[in-house]
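Undergrad: Submitted below is the structure of interest, expressed as structure tokens.
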Amino acid sequence: MKEFFFEEIVKTVDDFKKNRRNGIAFALLTDTRLCDTVDDTVDNIKTADDNIHFDFIVHMGNVINGNNPRDISMMLMNNEFKKFAGAVENGRFYPVQGRTDGYRDETFCGQLAMNIMTDELWDKQIGFLNYHENVSRQDKKPYYYADYIEQKVRIIVLCAFDYQIDEKIGYFTKNCEIDKKQAAWLVKDALNVGRDWSVIIFSGAIPKSRYETGKDPFIYNGYSTEPIFRIVQKAQENGVNIACWFSGGYGYDCVENIAGINFALISSQVPEVTREKDEIIKNRHIGTKNQDCWDAVMLDTDDREIKLFRFGYGEDRVIKY
């Protein structure tokens with residue numbers, strides 16, 4: 001750990017320990033994009049884990065930049081995944097597919113196709129999840145959930161990107177949406193959980209949301225007309241405690257309640273000039289604590305709160321559910 005992070009480590013660990021309750025603890029980050037400072041972030045999470053003992057770590061996508069050839073991209077992604085899994089002692093790492101987690105191909109219909117990812121290729125990258133006894137996957141799909149039975153917590157990882165590909169003719173399209181198979185899995189499996197359980201959802205983007213389109217899907221008398229939002233609403237109506245839906249990919253921090261659902265965005269780990277809604281952030285300098293940006297998260301199932309203790313740039317936050 002570098003010296004300029006020392007005070008931030010002490011503060012984060014002390015604050016976390018003072019507020020620790022029944023529930024789960026995890027490290028959360030997003031948008032590392034092969035940045036030169038990733039190794040510092042991993043070291044900082046390791047140091048915090050030595051004292052906090054996280055249950056797992058979640059990366060919400062954009063681990064790579066989607067602009068390298070296939071074999072190189074998959075090698076880079078595999079190396080990054082190993083780093084993040086090694087950041088916590090128990091090795092429990094839950095990756096989320098981001099928009100740029102893919103490769104480029106210059107032969108697709110005579111144009112440069114970027115961010116190419118298929119279910120088969122992603123399955124090879126996250127195959128290690130099959131060895132975690134608490135993880136449930138379906139048909140090698142990119143979405144899955146993990147149960148923490150003692151704490152009555154379920155972690156749901158969605159894939160926010162659907163695609164069409166035909167390599168023979170060089171055709172590829174990628175859209176921010178959740179297809180009907182994933183929607184059915186969400187209804188029948190992922191959200192089919194006990195009334196006294198708490199659920200956290202993670203995705204690399206939030207399709208059809210204000211964050212993706214600039215406006216909310218139509219909400220009539222509190223009911224969302226967007227199918228996935230409505231599926232989550234129905235789960236809440238059936239007694240499932242939806243604690244929060246987290247997402248990366250937008251480059252700023254935000255907590256909002258939309259249609260009765262808590263949404264939280266996490267800012268990018270990459271220490272570059274970023275946008276906090278309409279404000280340009282310019283103080284993320286290399287060689288200072290603001291170089292880094294990730295959260296030590298505690299889900300308090302007794303008080304029904306999520307407490308995020310920010311390491312580096314940004315502020316601590318509390319989300320009630």
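Ligands are numbered from 1 in the order shown, chains are lettered A, B, ... in the order of the structure tokens, and residues start at 1 in each chain.
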Could you list, as a short mmCIF file (atom, residue, chain, number, x, y, z; two decimals) with N, CA, C and O atoms, in the first residue's frame, every residue within 6 Å of A:Ala25, counting only C-alpha atoms and ignoring same-chain residues fewer than 2 positions away?

TA:
data_model
loop_
_atom_site.label_atom_id
_atom_site.label_comp_id
_atom_site.auth_asym_id
_atom_site.auth_seq_id
_atom_site.Cartn_x
_atom_site.Cartn_y
_atom_site.Cartn_z
N PHE A 54 -14.02 -9.17 3.97
CA PHE A 54 -15.17 -9.09 3.07
C PHE A 54 -15.70 -10.48 2.74
O PHE A 54 -14.95 -11.44 2.62
N ASP A 55 -17.01 -10.56 2.55
CA ASP A 55 -17.63 -11.81 2.10
C ASP A 55 -17.36 -12.05 0.62
O ASP A 55 -17.33 -13.20 0.17
N VAL A 297 -18.75 -1.96 1.46
CA VAL A 297 -20.21 -1.93 1.61
C VAL A 297 -20.65 -2.90 2.70
O VAL A 297 -20.19 -4.04 2.76
N MET A 298 -21.58 -2.43 3.51
CA MET A 298 -22.18 -3.28 4.53
C MET A 298 -23.69 -3.28 4.35
O MET A 298 -24.32 -2.23 4.31
#

Undergrad: List the neighbours of A:Pro207 out to 7 Å using only C-alpha atoms; skip same-chain residues closer than 2 positions along the sequence, and give me the result as a PyMOL selection string.

TA: chain A and resi 160+176-177+205+209+212

Undergrad: Residues as selected, N, CA and C atoms, written as a PDB file, in the first residue's frame, can you do that?

TA:
ATOM      1  N   ALA A 160     -26.884  -6.545 -18.769  1.00  0.00           N
ATOM      2  CA  ALA A 160     -27.696  -5.456 -19.318  1.00  0.00           C
ATOM      3  C   ALA A 160     -27.554  -5.299 -20.826  1.00  0.00           C
ATOM      4  N   CYS A 176     -28.444  -2.118 -25.204  1.00  0.00           N
ATOM      5  CA  CYS A 176     -28.639  -2.108 -23.762  1.00  0.00           C
ATOM      6  C   CYS A 176     -30.079  -2.511 -23.464  1.00  0.00           C
ATOM      7  N   GLU A 177     -30.276  -3.797 -23.213  1.00  0.00           N
ATOM      8  CA  GLU A 177     -31.607  -4.303 -22.897  1.00  0.00           C
ATOM      9  C   GLU A 177     -31.495  -5.698 -22.289  1.00  0.00           C
ATOM     10  N   ALA A 205     -25.252  -1.611 -16.594  1.00  0.00           N
ATOM     11  CA  ALA A 205     -26.050  -0.466 -17.019  1.00  0.00           C
ATOM     12  C   ALA A 205     -27.482  -0.747 -16.582  1.00  0.00           C
ATOM     13  N   SER A 209     -33.740   3.184 -18.411  1.00  0.00           N
ATOM     14  CA  SER A 209     -33.807   4.072 -17.249  1.00  0.00           C
ATOM     15  C   SER A 209     -33.435   5.499 -17.634  1.00  0.00           C
ATOM     16  N   GLU A 212     -29.895   5.796 -18.817  1.00  0.00           N
ATOM     17  CA  GLU A 212     -29.576   5.311 -20.155  1.00  0.00           C
ATOM     18  C   GLU A 212     -30.208   6.170 -21.249  1.00  0.00           C
TER      19      GLU A 212
END

Undergrad: Using only C-alpha atoms, determine which residues lie at most 8 Å from stretch 93-109 of chain A, disregarding the query and same-chain residues fewer than 4 positions distant; provide the list as a compact mmCIF listing (two decimals) with all heavy atoms, in the first residue's frame.

TA:
# COMPACT_ATOMS: atom_id res chain seq x y z
N PHE A 56 -17.17 -10.97 -0.15
CA PHE A 56 -16.90 -11.10 -1.58
C PHE A 56 -16.53 -9.73 -2.14
O PHE A 56 -16.57 -8.72 -1.44
CB PHE A 56 -18.11 -11.68 -2.34
CG PHE A 56 -19.40 -10.94 -2.11
CD1 PHE A 56 -19.76 -9.84 -2.87
CD2 PHE A 56 -20.29 -11.36 -1.12
CE1 PHE A 56 -20.94 -9.16 -2.66
CE2 PHE A 56 -21.49 -10.69 -0.90
CZ PHE A 56 -21.81 -9.59 -1.67
N ILE A 57 -16.20 -9.71 -3.43
CA ILE A 57 -15.94 -8.47 -4.16
C ILE A 57 -16.74 -8.49 -5.44
O ILE A 57 -16.88 -9.54 -6.09
CB ILE A 57 -14.42 -8.30 -4.44
CG1 ILE A 57 -14.15 -7.01 -5.23
CG2 ILE A 57 -13.83 -9.50 -5.15
CD1 ILE A 57 -12.67 -6.69 -5.39
N VAL A 58 -17.32 -7.34 -5.81
CA VAL A 58 -18.09 -7.20 -7.05
C VAL A 58 -17.44 -6.14 -7.93
O VAL A 58 -17.13 -5.04 -7.47
CB VAL A 58 -19.55 -6.78 -6.77
CG1 VAL A 58 -20.31 -6.56 -8.08
CG2 VAL A 58 -20.26 -7.82 -5.93
N HIS A 59 -17.23 -6.49 -9.21
CA HIS A 59 -16.80 -5.51 -10.20
C HIS A 59 -17.95 -5.35 -11.19
O HIS A 59 -18.37 -6.31 -11.82
CB HIS A 59 -15.54 -5.99 -10.91
CG HIS A 59 -14.88 -4.93 -11.76
ND1 HIS A 59 -15.53 -4.28 -12.78
CD2 HIS A 59 -13.62 -4.39 -11.71
CE1 HIS A 59 -14.72 -3.41 -13.34
NE2 HIS A 59 -13.56 -3.45 -12.70
N MET A 60 -18.45 -4.11 -11.35
CA MET A 60 -19.66 -3.90 -12.14
C MET A 60 -19.40 -3.60 -13.61
O MET A 60 -20.23 -3.01 -14.29
CB MET A 60 -20.52 -2.80 -11.51
CG MET A 60 -21.16 -3.24 -10.21
SD MET A 60 -22.48 -2.18 -9.65
CE MET A 60 -21.59 -0.66 -9.35
N GLY A 61 -18.26 -4.03 -14.10
CA GLY A 61 -18.07 -4.01 -15.55
C GLY A 61 -17.13 -2.96 -16.07
O GLY A 61 -16.67 -2.06 -15.37
N ASN A 62 -16.82 -3.10 -17.38
CA ASN A 62 -15.84 -2.28 -18.07
C ASN A 62 -14.45 -2.51 -17.46
O ASN A 62 -13.75 -1.57 -17.08
CB ASN A 62 -16.22 -0.80 -18.06
CG ASN A 62 -17.55 -0.55 -18.75
OD1 ASN A 62 -17.94 -1.30 -19.65
ND2 ASN A 62 -18.26 0.48 -18.34
N VAL A 63 -14.11 -3.78 -17.39
CA VAL A 63 -12.78 -4.18 -16.93
C VAL A 63 -11.75 -3.89 -18.02
O VAL A 63 -10.62 -3.50 -17.73
CB VAL A 63 -12.77 -5.69 -16.58
CG1 VAL A 63 -11.36 -6.19 -16.28
CG2 VAL A 63 -13.67 -5.94 -15.37
N ILE A 64 -12.14 -4.09 -19.29
CA ILE A 64 -11.27 -3.77 -20.41
C ILE A 64 -11.96 -2.71 -21.27
O ILE A 64 -13.02 -2.21 -20.91
CB ILE A 64 -10.91 -5.03 -21.22
CG1 ILE A 64 -12.17 -5.73 -21.76
CG2 ILE A 64 -10.09 -6.00 -20.36
CD1 ILE A 64 -11.86 -6.93 -22.65
N ASN A 65 -11.34 -2.40 -22.43
CA ASN A 65 -11.81 -1.26 -23.22
C ASN A 65 -12.50 -1.62 -24.53
O ASN A 65 -12.92 -0.73 -25.27
CB ASN A 65 -10.65 -0.32 -23.51
CG ASN A 65 -10.13 0.34 -22.25
OD1 ASN A 65 -10.91 0.90 -21.47
ND2 ASN A 65 -8.82 0.28 -22.03
N GLY A 66 -12.60 -2.91 -24.83
CA GLY A 66 -13.33 -3.32 -26.01
C GLY A 66 -12.68 -2.98 -27.33
O GLY A 66 -13.33 -3.05 -28.39
N ASN A 67 -11.39 -2.61 -27.32
CA ASN A 67 -10.75 -2.13 -28.54
C ASN A 67 -9.52 -2.92 -28.95
O ASN A 67 -8.71 -2.46 -29.76
CB ASN A 67 -10.38 -0.65 -28.39
CG ASN A 67 -9.44 -0.40 -27.22
OD1 ASN A 67 -9.07 -1.33 -26.51
ND2 ASN A 67 -9.08 0.85 -27.01
N ASN A 68 -9.36 -4.12 -28.38
CA ASN A 68 -8.26 -5.00 -28.75
C ASN A 68 -8.80 -6.25 -29.45
O ASN A 68 -9.97 -6.61 -29.26
CB ASN A 68 -7.47 -5.42 -27.51
CG ASN A 68 -6.56 -4.31 -27.01
OD1 ASN A 68 -5.67 -3.85 -27.72
ND2 ASN A 68 -6.81 -3.86 -25.79
N PRO A 69 -7.97 -6.95 -30.23
CA PRO A 69 -8.41 -8.20 -30.86
C PRO A 69 -8.85 -9.23 -29.81
O PRO A 69 -8.52 -9.11 -28.63
CB PRO A 69 -7.16 -8.67 -31.61
CG PRO A 69 -6.37 -7.44 -31.86
CD PRO A 69 -6.61 -6.57 -30.66
N ARG A 70 -9.56 -10.23 -30.30
CA ARG A 70 -10.22 -11.19 -29.40
C ARG A 70 -9.28 -11.86 -28.41
O ARG A 70 -9.51 -11.80 -27.20
CB ARG A 70 -10.94 -12.24 -30.24
CG ARG A 70 -11.54 -13.37 -29.42
CD ARG A 70 -12.41 -14.25 -30.26
NE ARG A 70 -12.82 -15.45 -29.53
CZ ARG A 70 -13.84 -16.22 -29.90
NH1 ARG A 70 -14.54 -15.91 -30.96
NH2 ARG A 70 -14.15 -17.30 -29.19
N SER A 73 -7.80 -9.48 -25.89
CA SER A 73 -8.83 -8.98 -24.98
C SER A 73 -9.17 -10.00 -23.90
O SER A 73 -9.29 -9.67 -22.72
CB SER A 73 -10.10 -8.63 -25.76
OG SER A 73 -9.87 -7.55 -26.63
N MET A 74 -9.33 -11.27 -24.30
CA MET A 74 -9.68 -12.29 -23.33
C MET A 74 -8.54 -12.58 -22.37
O MET A 74 -8.76 -12.85 -21.19
CB MET A 74 -10.12 -13.57 -24.05
CG MET A 74 -11.37 -13.40 -24.91
SD MET A 74 -12.80 -12.69 -24.00
CE MET A 74 -12.72 -10.97 -24.53
N MET A 77 -8.61 -9.63 -19.93
CA MET A 77 -9.74 -9.77 -19.01
C MET A 77 -9.46 -10.85 -17.97
O MET A 77 -9.72 -10.65 -16.76
CB MET A 77 -11.02 -10.10 -19.78
CG MET A 77 -12.25 -10.23 -18.90
SD MET A 77 -13.74 -10.65 -19.84
CE MET A 77 -14.02 -9.12 -20.73
N PHE A 81 -9.39 -10.30 -13.96
CA PHE A 81 -10.27 -11.07 -13.08
C PHE A 81 -9.47 -11.75 -11.97
O PHE A 81 -9.90 -11.78 -10.81
CB PHE A 81 -11.03 -12.12 -13.88
CG PHE A 81 -12.24 -11.60 -14.62
CD1 PHE A 81 -12.52 -10.25 -14.65
CD2 PHE A 81 -13.09 -12.46 -15.28
CE1 PHE A 81 -13.64 -9.76 -15.32
CE2 PHE A 81 -14.22 -12.00 -15.96
CZ PHE A 81 -14.48 -10.64 -15.98
N PHE A 84 -8.64 -9.20 -9.23
CA PHE A 84 -9.74 -8.84 -8.35
C PHE A 84 -10.14 -9.99 -7.43
O PHE A 84 -10.47 -9.78 -6.26
CB PHE A 84 -10.94 -8.35 -9.17
CG PHE A 84 -10.65 -7.08 -9.92
CD1 PHE A 84 -10.75 -7.03 -11.29
CD2 PHE A 84 -10.24 -5.94 -9.25
CE1 PHE A 84 -10.46 -5.87 -11.98
CE2 PHE A 84 -9.95 -4.76 -9.93
CZ PHE A 84 -10.06 -4.73 -11.30
N ALA A 85 -10.11 -11.22 -7.95
CA ALA A 85 -10.39 -12.37 -7.10
C ALA A 85 -9.36 -12.49 -5.99
O ALA A 85 -9.68 -12.87 -4.86
CB ALA A 85 -10.42 -13.65 -7.94
N ALA A 113 -15.95 -3.21 -35.70
CA ALA A 113 -16.91 -3.57 -34.64
C ALA A 113 -16.18 -3.61 -33.31
O ALA A 113 -15.12 -4.24 -33.19
CB ALA A 113 -17.55 -4.91 -34.94
N MET A 114 -16.74 -2.95 -32.31
CA MET A 114 -16.12 -2.86 -30.99
C MET A 114 -16.99 -3.55 -29.95
O MET A 114 -18.18 -3.78 -30.15
CB MET A 114 -15.96 -1.38 -30.60
CG MET A 114 -15.20 -0.55 -31.61
SD MET A 114 -13.42 -0.73 -31.48
CE MET A 114 -13.13 0.23 -30.01
N ASN A 115 -16.37 -3.87 -28.80
CA ASN A 115 -17.09 -4.36 -27.62
C ASN A 115 -17.86 -5.65 -27.91
O ASN A 115 -18.95 -5.87 -27.36
CB ASN A 115 -18.06 -3.30 -27.09
CG ASN A 115 -17.38 -1.97 -26.83
OD1 ASN A 115 -16.27 -1.93 -26.32
ND2 ASN A 115 -18.04 -0.88 -27.17
N ILE A 116 -17.30 -6.52 -28.76
CA ILE A 116 -17.99 -7.76 -29.12
C ILE A 116 -17.87 -8.75 -27.97
O ILE A 116 -16.78 -9.04 -27.46
CB ILE A 116 -17.37 -8.39 -30.38
CG1 ILE A 116 -17.44 -7.41 -31.55
CG2 ILE A 116 -18.07 -9.70 -30.73
CD1 ILE A 116 -16.65 -7.87 -32.77
N MET A 117 -19.01 -9.27 -27.55
CA MET A 117 -19.03 -10.30 -26.51
C MET A 117 -20.20 -11.23 -26.79
O MET A 117 -21.28 -10.78 -27.18
CB MET A 117 -19.17 -9.67 -25.11
CG MET A 117 -19.21 -10.68 -23.97
SD MET A 117 -17.82 -11.84 -23.94
CE MET A 117 -16.46 -10.75 -23.56
N ILE A 126 -16.02 -16.51 -17.00
CA ILE A 126 -16.56 -16.58 -15.63
C ILE A 126 -16.82 -18.03 -15.19
O ILE A 126 -17.55 -18.27 -14.23
CB ILE A 126 -17.85 -15.74 -15.47
CG1 ILE A 126 -19.00 -16.32 -16.31
CG2 ILE A 126 -17.59 -14.29 -15.87
CD1 ILE A 126 -20.34 -15.67 -16.01
N LEU A 129 -17.04 -19.44 -11.56
CA LEU A 129 -18.22 -19.34 -10.69
C LEU A 129 -18.89 -20.69 -10.47
O LEU A 129 -19.57 -20.90 -9.47
CB LEU A 129 -19.24 -18.36 -11.29
CG LEU A 129 -18.86 -16.88 -11.29
CD1 LEU A 129 -19.88 -16.08 -12.08
CD2 LEU A 129 -18.76 -16.35 -9.87
N PRO A 142 -24.96 -15.27 -18.98
CA PRO A 142 -24.11 -14.31 -18.27
C PRO A 142 -24.73 -13.76 -16.99
O PRO A 142 -24.08 -13.00 -16.28
CB PRO A 142 -23.92 -13.18 -19.30
CG PRO A 142 -25.15 -13.26 -20.15
CD PRO A 142 -25.50 -14.72 -20.24
N VAL A 157 -26.87 -10.89 -10.25
CA VAL A 157 -26.06 -10.22 -11.27
C VAL A 157 -26.78 -10.34 -12.60
O VAL A 157 -26.99 -11.45 -13.11
CB VAL A 157 -24.65 -10.83 -11.36
CG1 VAL A 157 -23.89 -10.25 -12.56
CG2 VAL A 157 -23.88 -10.57 -10.07
N LEU A 158 -27.18 -9.20 -13.17
CA LEU A 158 -27.86 -9.17 -14.45
C LEU A 158 -26.87 -8.85 -15.57
O LEU A 158 -25.83 -8.23 -15.34
CB LEU A 158 -28.96 -8.10 -14.45
CG LEU A 158 -30.08 -8.25 -13.43
CD1 LEU A 158 -31.06 -7.09 -13.56
CD2 LEU A 158 -30.80 -9.59 -13.59
N CYS A 159 -27.22 -9.24 -16.78
CA CYS A 159 -26.48 -8.81 -17.96
C CYS A 159 -27.35 -7.79 -18.69
O CYS A 159 -28.44 -8.13 -19.17
CB CYS A 159 -26.14 -9.97 -18.89
SG CYS A 159 -25.21 -9.44 -20.34
N ALA A 160 -26.88 -6.54 -18.77
CA ALA A 160 -27.70 -5.46 -19.32
C ALA A 160 -27.55 -5.30 -20.83
O ALA A 160 -28.07 -4.34 -21.40
CB ALA A 160 -27.33 -4.15 -18.63
N PHE A 161 -26.86 -6.25 -21.48
CA PHE A 161 -26.57 -6.09 -22.90
C PHE A 161 -26.98 -7.33 -23.69
O PHE A 161 -26.55 -8.44 -23.39
CB PHE A 161 -25.08 -5.80 -23.10
CG PHE A 161 -24.62 -4.61 -22.30
CD1 PHE A 161 -23.94 -4.79 -21.11
CD2 PHE A 161 -24.92 -3.32 -22.72
CE1 PHE A 161 -23.55 -3.70 -20.34
CE2 PHE A 161 -24.53 -2.23 -21.96
CZ PHE A 161 -23.84 -2.42 -20.78
N GLU A 167 -21.03 -14.60 -37.38
CA GLU A 167 -19.62 -14.42 -37.74
C GLU A 167 -19.37 -14.76 -39.21
O GLU A 167 -18.42 -14.23 -39.82
CB GLU A 167 -18.74 -15.28 -36.84
CG GLU A 167 -18.74 -14.81 -35.39
CD GLU A 167 -17.85 -15.63 -34.49
OE1 GLU A 167 -17.98 -16.88 -34.52
OE2 GLU A 167 -17.03 -15.03 -33.77
N ILE A 169 -21.17 -13.92 -41.82
CA ILE A 169 -21.40 -12.75 -42.66
C ILE A 169 -20.83 -11.47 -42.02
O ILE A 169 -20.94 -10.39 -42.60
CB ILE A 169 -22.90 -12.55 -42.96
CG1 ILE A 169 -23.68 -12.22 -41.67
CG2 ILE A 169 -23.47 -13.78 -43.65
CD1 ILE A 169 -25.11 -11.79 -41.94
N GLY A 170 -20.25 -11.62 -40.83
CA GLY A 170 -19.63 -10.47 -40.16
C GLY A 170 -20.64 -9.48 -39.62
O GLY A 170 -20.46 -8.26 -39.73
N TYR A 171 -21.70 -10.01 -39.00
CA TYR A 171 -22.76 -9.14 -38.48
C TYR A 171 -22.75 -9.14 -36.96
O TYR A 171 -22.72 -10.21 -36.34
CB TYR A 171 -24.13 -9.62 -38.98
CG TYR A 171 -25.30 -8.80 -38.50
CD1 TYR A 171 -25.67 -7.63 -39.14
CD2 TYR A 171 -26.02 -9.19 -37.37
CE1 TYR A 171 -26.74 -6.87 -38.70
CE2 TYR A 171 -27.09 -8.45 -36.92
CZ TYR A 171 -27.45 -7.29 -37.58
OH TYR A 171 -28.50 -6.54 -37.13
N PHE A 172 -22.77 -7.95 -36.35
CA PHE A 172 -22.83 -7.85 -34.89
C PHE A 172 -23.55 -6.58 -34.48
O PHE A 172 -23.25 -5.49 -34.98
CB PHE A 172 -21.43 -7.85 -34.27
CG PHE A 172 -21.43 -7.69 -32.76
CD1 PHE A 172 -21.76 -8.76 -31.95
CD2 PHE A 172 -21.13 -6.46 -32.18
CE1 PHE A 172 -21.77 -8.61 -30.57
CE2 PHE A 172 -21.14 -6.31 -30.80
CZ PHE A 172 -21.46 -7.38 -29.99
N PHE A 202 -27.13 -6.19 -9.28
CA PHE A 202 -26.00 -5.51 -9.90
C PHE A 202 -26.12 -5.63 -11.41
O PHE A 202 -26.49 -6.69 -11.94
CB PHE A 202 -24.67 -6.14 -9.47
CG PHE A 202 -24.39 -6.06 -8.00
CD1 PHE A 202 -24.66 -7.15 -7.17
CD2 PHE A 202 -23.86 -4.92 -7.43
CE1 PHE A 202 -24.39 -7.09 -5.81
CE2 PHE A 202 -23.59 -4.85 -6.08
CZ PHE A 202 -23.86 -5.93 -5.26
N SER A 203 -25.77 -4.57 -12.12
CA SER A 203 -25.72 -4.63 -13.59
C SER A 203 -24.72 -3.59 -14.09
O SER A 203 -24.41 -2.62 -13.39
CB SER A 203 -27.10 -4.39 -14.21
OG SER A 203 -27.57 -3.09 -13.90
N GLY A 204 -24.26 -3.78 -15.33
CA GLY A 204 -23.31 -2.85 -15.91
C GLY A 204 -23.95 -1.60 -16.47
O GLY A 204 -23.27 -0.63 -16.79
N ALA A 205 -25.25 -1.61 -16.59
CA ALA A 205 -26.05 -0.47 -17.02
C ALA A 205 -27.48 -0.75 -16.58
O ALA A 205 -27.79 -1.86 -16.13
CB ALA A 205 -25.97 -0.25 -18.53
N GLY A 249 -20.80 2.19 -15.02
CA GLY A 249 -20.88 2.54 -16.43
C GLY A 249 -21.29 3.96 -16.76
O GLY A 249 -21.26 4.34 -17.93

Undergrad: Mind listing the strand (DSSP E) residues of stretch 57-151 of chain A, per DSSP on the backbone, as a ChimeraX atom specification?

TA: /A:57-59,93-95,103-108,111-116,135-137,144-148

Undergrad: Taking the DSSP assignment computed from this structure's backbone, write out as a PyMOL selection string all residues of stretch 29-271 of chain A that belong to helix (DSSP H, G or I).

TA: chain A and resi 38-52+70-85+119-125+127-131+180-190+210-213+227-237

Undergrad: Any chance you can output those residues with C-alpha atoms as a PDB file, in the first residue's frame?

TA:
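Final file, selection_28.pdb:
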ATOM      1  CA  VAL A  38      -5.599  -0.859 -10.850  1.00  0.00           C
ATOM      2  CA  ASP A  39      -2.774  -2.530  -8.904  1.00  0.00           C
ATOM      3  CA  ASP A  40      -2.960   0.232  -6.274  1.00  0.00           C
ATOM      4  CA  THR A  41      -6.705  -0.347  -5.964  1.00  0.00           C
ATOM      5  CA  VAL A  42      -6.212  -4.093  -5.536  1.00  0.00           C
ATOM      6  CA  ASP A  43      -3.593  -3.468  -2.840  1.00  0.00           C
ATOM      7  CA  ASN A  44      -5.940  -1.099  -1.019  1.00  0.00           C
ATOM      8  CA  ILE A  45      -8.803  -3.605  -1.097  1.00  0.00           C
ATOM      9  CA  LYS A  46      -6.448  -6.318   0.161  1.00  0.00           C
ATOM     10  CA  THR A  47      -5.375  -4.136   3.077  1.00  0.00           C
ATOM     11  CA  ALA A  48      -8.978  -3.350   3.962  1.00  0.00           C
ATOM     12  CA  ASP A  49      -9.914  -7.040   3.634  1.00  0.00           C
ATOM     13  CA  ASP A  50      -7.179  -7.975   6.136  1.00  0.00           C
ATOM     14  CA  ASN A  51      -9.156  -5.994   8.720  1.00  0.00           C
ATOM     15  CA  ILE A  52     -12.765  -6.174   7.507  1.00  0.00           C
ATOM     16  CA  ARG A  70     -10.220 -11.186 -29.404  1.00  0.00           C
ATOM     17  CA  ASP A  71      -7.372 -13.281 -27.992  1.00  0.00           C
ATOM     18  CA  ILE A  72      -5.594 -10.290 -26.479  1.00  0.00           C
ATOM     19  CA  SER A  73      -8.834  -8.983 -24.979  1.00  0.00           C
ATOM     20  CA  MET A  74      -9.681 -12.291 -23.332  1.00  0.00           C
ATOM     21  CA  MET A  75      -6.156 -12.642 -21.973  1.00  0.00           C
ATOM     22  CA  LEU A  76      -6.301  -9.131 -20.510  1.00  0.00           C
ATOM     23  CA  MET A  77      -9.737  -9.771 -19.008  1.00  0.00           C
ATOM     24  CA  ASN A  78      -8.609 -13.057 -17.471  1.00  0.00           C
ATOM     25  CA  ASN A  79      -5.583 -11.353 -15.905  1.00  0.00           C
ATOM     26  CA  GLU A  80      -7.739  -8.585 -14.458  1.00  0.00           C
ATOM     27  CA  PHE A  81     -10.270 -11.072 -13.084  1.00  0.00           C
ATOM     28  CA  LYS A  82      -7.471 -12.918 -11.297  1.00  0.00           C
ATOM     29  CA  LYS A  83      -6.311  -9.665  -9.716  1.00  0.00           C
ATOM     30  CA  PHE A  84      -9.744  -8.842  -8.346  1.00  0.00           C
ATOM     31  CA  ALA A  85     -10.391 -12.372  -7.100  1.00  0.00           C
ATOM     32  CA  ASP A 119     -22.560 -15.746 -24.085  1.00  0.00           C
ATOM     33  CA  GLU A 120     -20.165 -18.551 -24.996  1.00  0.00           C
ATOM     34  CA  LEU A 121     -17.101 -16.349 -24.686  1.00  0.00           C
ATOM     35  CA  TRP A 122     -18.267 -14.745 -21.431  1.00  0.00           C
ATOM     36  CA  ASP A 123     -19.002 -18.186 -20.015  1.00  0.00           C
ATOM     37  CA  LYS A 124     -15.358 -19.140 -20.514  1.00  0.00           C
ATOM     38  CA  GLN A 125     -14.276 -16.026 -18.634  1.00  0.00           C
ATOM     39  CA  GLY A 127     -16.403 -20.386 -15.545  1.00  0.00           C
ATOM     40  CA  PHE A 128     -14.796 -20.220 -12.100  1.00  0.00           C
ATOM     41  CA  LEU A 129     -18.222 -19.338 -10.690  1.00  0.00           C
ATOM     42  CA  ASN A 130     -19.288 -22.935 -11.282  1.00  0.00           C
ATOM     43  CA  TYR A 131     -17.000 -23.970  -8.428  1.00  0.00           C
ATOM     44  CA  LYS A 180     -37.174 -12.253 -22.504  1.00  0.00           C
ATOM     45  CA  LYS A 181     -35.162 -15.302 -21.361  1.00  0.00           C
ATOM     46  CA  GLN A 182     -33.372 -13.278 -18.713  1.00  0.00           C
ATOM     47  CA  ALA A 183     -36.654 -11.627 -17.716  1.00  0.00           C
ATOM     48  CA  ALA A 184     -38.266 -15.060 -17.266  1.00  0.00           C
ATOM     49  CA  TRP A 185     -35.282 -16.231 -15.199  1.00  0.00           C
ATOM     50  CA  LEU A 186     -35.599 -13.119 -13.051  1.00  0.00           C
ATOM     51  CA  VAL A 187     -39.267 -13.868 -12.337  1.00  0.00           C
ATOM     52  CA  LYS A 188     -39.105 -17.639 -11.905  1.00  0.00           C
ATOM     53  CA  ASP A 189     -35.690 -18.075 -10.279  1.00  0.00           C
ATOM     54  CA  ALA A 190     -33.693 -15.051  -9.188  1.00  0.00           C
ATOM     55  CA  ARG A 210     -33.200   7.818 -16.913  1.00  0.00           C
ATOM     56  CA  TYR A 211     -29.498   7.001 -16.777  1.00  0.00           C
ATOM     57  CA  GLU A 212     -29.576   5.311 -20.155  1.00  0.00           C
ATOM     58  CA  THR A 213     -32.181   7.342 -22.051  1.00  0.00           C
ATOM     59  CA  PRO A 227     -41.236  -4.642 -17.953  1.00  0.00           C
ATOM     60  CA  ILE A 228     -38.069  -5.217 -15.908  1.00  0.00           C
ATOM     61  CA  PHE A 229     -38.852  -2.436 -13.444  1.00  0.00           C
ATOM     62  CA  ARG A 230     -42.345  -3.877 -13.077  1.00  0.00           C
ATOM     63  CA  ILE A 231     -40.911  -7.346 -12.413  1.00  0.00           C
ATOM     64  CA  VAL A 232     -38.843  -5.898  -9.557  1.00  0.00           C
ATOM     65  CA  GLN A 233     -41.868  -3.976  -8.256  1.00  0.00           C
ATOM     66  CA  LYS A 234     -43.951  -7.166  -8.204  1.00  0.00           C
ATOM     67  CA  ALA A 235     -41.266  -8.944  -6.204  1.00  0.00           C
ATOM     68  CA  GLN A 236     -41.428  -6.157  -3.636  1.00  0.00           C
ATOM     69  CA  GLU A 237     -45.204  -6.431  -3.549  1.00  0.00           C
TER      70      GLU A 237
END

Undergrad: Taking into account only C-alpha atoms, which residue in the set A:Thr12, A:Asn192, A:Gln111, A:Ser198 is nearest to A:Ala243?

TA: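 Ranking A:Thr12, A:Asn192, A:Gln111, A:Ser198 by distance to A:Ala243, first place goes to A:Ser198.
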
Undergrad: Here is a test: counting only C-alpha atoms, which residue of A:Ile9, A:Cys35, A:Leu191, A:Ile201 is nearest to A:Glu272?

TA: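 Ranking A:Ile9, A:Cys35, A:Leu191, A:Ile201 by distance to A:Glu272, first place goes to A:Cys35.
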